[in-house]
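Dropping coords.pdb in here (PDB, C-alpha atoms):
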MODEL        1
ATOM      1  CA  SER A 156      34.871 -24.064  13.602
ATOM      2  CA  THR A 157      35.742 -25.684  16.880
ATOM      3  CA  LEU A 158      33.121 -28.403  16.353
ATOM      4  CA  PRO A 159      34.453 -31.927  16.154
ATOM      5  CA  THR A 160      33.415 -33.635  12.946
ATOM      6  CA  ASP A 161      32.427 -37.202  12.416
ATOM      7  CA  GLU A 162      30.638 -38.918   9.551
ATOM      8  CA  LYS A 163      27.187 -38.615  11.174
ATOM      9  CA  ARG A 164      27.554 -34.848  11.752
ATOM     10  CA  ARG A 165      29.016 -34.380   8.286
ATOM     11  CA  GLU A 166      26.014 -36.089   6.663
ATOM     12  CA  LYS A 167      23.592 -34.073   8.779
ATOM     13  CA  LEU A 168      25.301 -30.817   7.805
ATOM     14  CA  VAL A 169      25.211 -31.700   4.115
ATOM     15  CA  LYS A 170      21.472 -32.309   4.470
ATOM     16  CA  GLU A 171      20.600 -29.341   6.702
ATOM     17  CA  LEU A 172      22.852 -26.537   5.460
ATOM     18  CA  ASP A 173      21.031 -25.343   2.370
ATOM     19  CA  PRO A 174      21.809 -21.994   0.684
ATOM     20  CA  GLU A 175      19.311 -20.088   2.821
ATOM     21  CA  ARG A 176      20.563 -21.514   6.116
ATOM     22  CA  ASN A 177      24.180 -21.003   5.045
ATOM     23  CA  GLU A 178      23.550 -17.282   5.375
ATOM     24  CA  LEU A 179      24.448 -17.719   9.042
ATOM     25  CA  PHE A 180      28.122 -17.974   8.006
ATOM     26  CA  PHE A 181      28.106 -14.467   6.526
ATOM     27  CA  VAL A 182      26.612 -12.419   9.360
ATOM     28  CA  THR A 183      27.836 -10.894  12.569
ATOM     29  CA  ARG A 184      24.813 -12.200  14.515
ATOM     30  CA  VAL A 185      22.058 -14.742  13.948
ATOM     31  CA  LEU A 186      18.615 -15.461  15.348
ATOM     32  CA  LEU A 187      17.679 -19.138  15.104
ATOM     33  CA  VAL A 188      13.963 -19.952  14.965
ATOM     34  CA  GLU A 189      12.010 -23.183  14.643
ATOM     35  CA  GLY A 190      10.220 -22.588  11.372
ATOM     36  CA  ASP A 191       8.733 -20.461   8.645
ATOM     37  CA  THR A 192       6.212 -18.620  10.823
ATOM     38  CA  GLU A 193       8.895 -16.802  12.811
ATOM     39  CA  LYS A 194      11.202 -16.579   9.769
ATOM     40  CA  LEU A 195       8.540 -14.626   7.862
ATOM     41  CA  ALA A 196       7.071 -12.559  10.708
ATOM     42  CA  LEU A 197      10.167 -11.345  12.567
ATOM     43  CA  PRO A 198      11.695  -9.366   9.667
ATOM     44  CA  GLU A 199       8.385  -7.481   9.394
ATOM     45  CA  TYR A 200       8.567  -6.510  13.058
ATOM     46  CA  ALA A 201      12.168  -5.424  12.548
ATOM     47  CA  ARG A 202      11.079  -3.245   9.620
ATOM     48  CA  ARG A 203       8.326  -1.662  11.739
ATOM     49  CA  LEU A 204      10.900  -0.981  14.472
ATOM     50  CA  LYS A 205      13.190   0.661  11.862
ATOM     51  CA  ILE A 206      15.808  -2.073  12.228
ATOM     52  CA  ASP A 207      17.628  -2.938   9.023
ATOM     53  CA  LEU A 208      18.750  -6.523   9.594
ATOM     54  CA  ASP A 209      21.181  -6.449   6.654
ATOM     55  CA  ARG A 210      22.805  -3.245   7.848
ATOM     56  CA  ALA A 211      23.046  -4.717  11.347
ATOM     57  CA  GLY A 212      24.804  -7.783   9.928
ATOM     58  CA  ALA A 213      22.017  -9.988  11.227
ATOM     59  CA  THR A 214      19.842 -12.714   9.809
ATOM     60  CA  ILE A 215      17.035 -14.987  10.917
ATOM     61  CA  VAL A 216      17.490 -18.676  10.138
ATOM     62  CA  GLU A 217      14.728 -21.236  10.415
ATOM     63  CA  VAL A 218      16.161 -24.598  11.324
ATOM     64  CA  GLY A 219      13.353 -26.934  10.307
ATOM     65  CA  GLY A 220      11.944 -27.667  13.735
ATOM     66  CA  LYS A 221      12.689 -27.395  17.400
ATOM     67  CA  ARG A 222      14.746 -30.597  17.545
ATOM     68  CA  SER A 223      17.268 -29.058  15.112
ATOM     69  CA  LEU A 224      17.985 -26.017  17.269
ATOM     70  CA  PRO A 225      20.818 -27.498  19.394
ATOM     71  CA  GLU A 226      22.921 -28.464  16.373
ATOM     72  CA  PHE A 227      22.472 -25.047  14.752
ATOM     73  CA  ILE A 228      23.363 -23.367  18.057
ATOM     74  CA  ARG A 229      26.531 -25.454  18.218
ATOM     75  CA  ILE A 230      27.414 -24.601  14.614
ATOM     76  CA  ALA A 231      26.913 -20.841  15.021
ATOM     77  CA  THR A 232      28.689 -20.612  18.361
ATOM     78  CA  SER A 233      31.591 -22.742  17.133
ATOM     79  CA  PHE A 234      32.321 -19.916  14.695
ATOM     80  CA  GLY A 235      31.974 -17.297  17.445
ATOM     81  CA  ILE A 236      28.748 -15.881  15.978
ATOM     82  CA  PRO A 237      26.560 -14.190  18.610
ATOM     83  CA  THR A 238      23.388 -16.253  18.575
ATOM     84  CA  GLY A 239      19.796 -15.720  19.627
ATOM     85  CA  VAL A 240      17.397 -18.636  19.903
ATOM     86  CA  LEU A 241      13.619 -18.214  19.824
ATOM     87  CA  PHE A 242      11.452 -21.264  20.439
ATOM     88  CA  ASP A 243       7.948 -22.261  21.458
ATOM     89  CA  GLU A 244       7.223 -23.901  24.777
ATOM     90  CA  ASP A 245       4.998 -26.422  22.969
ATOM     91  CA  SER A 246       6.007 -27.947  19.674
ATOM     92  CA  SER A 247       4.400 -30.481  17.401
ATOM     93  CA  ASP A 248       7.790 -32.221  17.502
ATOM     94  CA  PHE A 249       6.887 -33.381  21.034
ATOM     95  CA  LYS A 250       3.142 -34.156  20.801
ATOM     96  CA  GLU A 251       3.569 -37.555  22.397
ATOM     97  CA  ASN A 252       6.264 -36.599  24.917
ATOM     98  CA  ARG A 253       5.489 -33.374  26.798
ATOM     99  CA  ASP A 254       7.734 -34.364  29.736
ATOM    100  CA  GLY A 255      10.607 -34.856  27.319
ATOM    101  CA  GLU A 256       9.841 -31.469  25.838
ATOM    102  CA  ALA A 257      10.217 -29.775  29.227
ATOM    103  CA  ALA A 258      13.694 -31.286  29.539
ATOM    104  CA  PHE A 259      14.508 -30.272  25.957
ATOM    105  CA  ASN A 260      13.357 -26.690  26.662
ATOM    106  CA  ALA A 261      15.649 -26.626  29.693
ATOM    107  CA  GLU A 262      18.497 -27.830  27.468
ATOM    108  CA  LEU A 263      17.800 -24.986  25.026
ATOM    109  CA  GLU A 264      17.679 -22.452  27.853
ATOM    110  CA  GLY A 265      21.000 -23.884  29.055
ATOM    111  CA  PHE A 266      22.730 -22.672  25.891
ATOM    112  CA  GLY A 267      22.302 -19.077  27.129
ATOM    113  CA  LYS A 268      25.512 -17.391  28.244
ATOM    114  CA  PRO A 269      25.871 -14.701  30.924
ATOM    115  CA  ASP A 270      27.969 -12.576  28.552
ATOM    116  CA  GLY A 271      25.056 -12.395  26.094
ATOM    117  CA  THR A 272      26.840 -14.158  23.232
ATOM    118  CA  VAL A 273      24.007 -16.691  23.275
ATOM    119  CA  ARG A 274      20.528 -15.582  24.325
ATOM    120  CA  THR A 275      17.362 -17.642  24.427
ATOM    121  CA  TRP A 276      13.701 -16.670  24.447
ATOM    122  CA  GLN A 277      10.947 -19.183  25.081
ATOM    123  CA  LEU A 278       7.505 -18.166  23.839
ATOM    124  CA  SER A 279       4.551 -19.251  25.909
ATOM    125  CA  ARG A 280       2.990 -22.292  24.264
ATOM    126  CA  LYS A 281       3.324 -21.447  20.568
ATOM    127  CA  TYR A 282       3.851 -18.368  18.415
ATOM    128  CA  GLU A 283       0.156 -17.847  17.633
ATOM    129  CA  ASP A 284      -0.817 -17.987  21.319
ATOM    130  CA  HIS A 285       1.940 -15.518  22.118
ATOM    131  CA  LEU A 286       0.681 -13.172  19.398
ATOM    132  CA  ARG A 287      -2.925 -13.552  20.588
ATOM    133  CA  ARG A 288      -1.906 -12.648  24.138
ATOM    134  CA  ALA A 289       0.010  -9.556  22.968
ATOM    135  CA  ASN A 290      -2.843  -8.283  20.802
ATOM    136  CA  GLY A 291      -5.788  -9.426  22.904
ATOM    137  CA  ASP A 292      -8.344 -11.948  21.703
ATOM    138  CA  LYS A 293     -10.604  -9.483  19.884
ATOM    139  CA  ASN A 294      -7.840  -7.639  18.004
ATOM    140  CA  TYR A 295      -6.090 -10.909  17.127
ATOM    141  CA  GLU A 296      -9.304 -12.323  15.648
ATOM    142  CA  LEU A 297      -9.833  -9.120  13.632
ATOM    143  CA  LEU A 298      -6.278  -9.321  12.327
ATOM    144  CA  CYS A 299      -6.732 -12.970  11.325
ATOM    145  CA  GLN A 300      -9.978 -12.103   9.520
ATOM    146  CA  ARG A 301      -8.104  -9.535   7.396
ATOM    147  CA  TYR A 302      -5.936 -12.306   5.962
ATOM    148  CA  PRO A 303      -8.192 -15.313   5.277
ATOM    149  CA  GLY A 304      -7.131 -18.362   3.325
ATOM    150  CA  LEU A 305      -3.408 -17.932   3.887
ATOM    151  CA  SER A 306      -0.995 -20.409   5.368
ATOM    152  CA  LYS A 307      -0.158 -19.939   9.030
ATOM    153  CA  ALA A 308       3.302 -18.562   8.188
ATOM    154  CA  VAL A 309       2.109 -16.090   5.542
ATOM    155  CA  ARG A 310      -0.729 -14.895   7.801
ATOM    156  CA  ALA A 311       1.828 -14.320  10.587
ATOM    157  CA  ARG A 312       3.912 -12.188   8.188
ATOM    158  CA  CYS A 313       0.848 -10.166   7.158
ATOM    159  CA  ILE A 314      -0.170  -9.622  10.782
ATOM    160  CA  ALA A 315       3.395  -8.604  11.680
ATOM    161  CA  SER A 316       3.404  -6.007   8.904
ATOM    162  CA  ASP A 317      -0.029  -4.667   9.908
ATOM    163  CA  GLU A 318       0.237  -1.360  11.768
ATOM    164  CA  ASP A 319      -2.785  -2.372  13.889
ATOM    165  CA  SER A 320      -0.843  -5.330  15.254
ATOM    166  CA  VAL A 321       1.000  -5.012  18.548
ATOM    167  CA  ILE A 322       4.698  -5.860  18.356
ATOM    168  CA  PRO A 323       5.004  -8.580  21.003
ATOM    169  CA  GLU A 324       7.766  -9.197  23.510
ATOM    170  CA  PRO A 325      10.512 -10.299  23.116
ATOM    171  CA  VAL A 326      10.536  -8.661  19.671
ATOM    172  CA  ARG A 327      10.173  -5.086  20.968
TER     173      ARG A 327
ENDMDL
END

Would you write the structure of this file as structure tokens?
Amino acid sequence: STLPTDEKRREKLVKELDPERNELFFVTRVLLVEGDTEKLALPEYARRLKIDLDRAGATIVEVGGKRSLPEFIRIATSFGIPTGVLFDEDSSDFKENRDGEAAFNAELEGFGKPDGTVRTWQLSRKYEDHLRRANGDKNYELLCQRYPGLSKAVRARCIASDEDSVIPEPVR
């Protein structure tokens, strides 16, 4: 890695780099996402699009929230790993500071590189709103009714695997 290390970063890495997240060190490309919803849903869309993530040397890593994305971007890119970053415009991490969130979103967008080694995609508002827009209100409500009583993340995975669900941009 080309990342400078200090005690603060070292402690953060020990805390954040669990076995699942460490998968990013063994792939040829990584997609970083905020949380479990995208982590569970996106592989289902890949499957429906006939994309084998393992065969492509790719993985999807949830980073535990939007505020953690910059550090994970720095880690992945310091190893020369082509990196995609998918994040919501609105995040519960910034409930009390929407102006600060706009600046943070701009910072995330700023990680993008013209050569494509780092690409960013900002979803409008949040993942569920993005999915609702892609499917239309009526179809989205029908899809949600098929999977009652599930957590938000598991419902998103079920909807993503449902052939009646539209595969939204930028996934397609």

Exercise. Might you pull out every residue within 8 Å of segment 270-285 of chain A, with only C-alpha atoms counted and same-chain residues fewer than 4 positions away left off, and present them as a ChimeraX atom specification?
Key: /A:192-193,232,236-246,263-264,266,289,323,325

Per residue of segment 222-306 of chain A within 12 Å of segment 157-177 of chain A, note the shortest atom pair and the distance in Å to one decimal, counting all atoms listed in the file, and order the rows by chain and increasing residue number, as JSON lines.
{"residue": "A:Ser223", "atom": "CA", "partner": "A:Glu171", "partner_atom": "CA", "distance": 9.1}
{"residue": "A:Leu224", "atom": "CA", "partner": "A:Glu171", "partner_atom": "CA", "distance": 11.4}
{"residue": "A:Glu226", "atom": "CA", "partner": "A:Arg164", "partner_atom": "CA", "distance": 9.1}
{"residue": "A:Phe227", "atom": "CA", "partner": "A:Glu171", "partner_atom": "CA", "distance": 9.3}
{"residue": "A:Ile228", "atom": "CA", "partner": "A:Leu158", "partner_atom": "CA", "distance": 11.1}
{"residue": "A:Arg229", "atom": "CA", "partner": "A:Leu158", "partner_atom": "CA", "distance": 7.5}
{"residue": "A:Ile230", "atom": "CA", "partner": "A:Leu158", "partner_atom": "CA", "distance": 7.1}
{"residue": "A:Ala231", "atom": "CA", "partner": "A:Leu158", "partner_atom": "CA", "distance": 9.9}
{"residue": "A:Thr232", "atom": "CA", "partner": "A:Thr157", "partner_atom": "CA", "distance": 8.8}
{"residue": "A:Ser233", "atom": "CA", "partner": "A:Thr157", "partner_atom": "CA", "distance": 5.1}
{"residue": "A:Phe234", "atom": "CA", "partner": "A:Thr157", "partner_atom": "CA", "distance": 7.1}
{"residue": "A:Gly235", "atom": "CA", "partner": "A:Thr157", "partner_atom": "CA", "distance": 9.2}

Practice problem: Apply the PyMOL selection byres ((chain A and resi 203-218) around 7) to the file shown and report the selected residues as a PyMOL selection string. | Solution: chain A and resi 176+179+182-191+194+199-202+219-220+223-224

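Between atom CA of Ala311 of chain A and atom CA of Pro225 of chain A there is a distance of 24.7 Å.
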
Practice problem: To one decimal in Å, tell me the separation between atom CA of Arg222 of chain A and atom CA of Asn260 of chain A. | Solution: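 Separation of atom CA of Arg222 of chain A and atom CA of Asn260 of chain A: 10.0 Å.
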
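Atom CA of Lys268 of chain A lies 26.7 Å from atom CA of Leu286 of chain A.
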
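Evaluated against the shown file, the PyMOL selection byres ((chain A and resi 296) around 12) gives Glu283, Asp284, Leu286, Arg287, Arg288, Asn290, Gly291, Asp292, Lys293, Asn294, Tyr295, Leu297, Leu298, Cys299, Gln300, Arg301, Tyr302, Pro303, Arg310, Ile314 and Ser320 of chain A.
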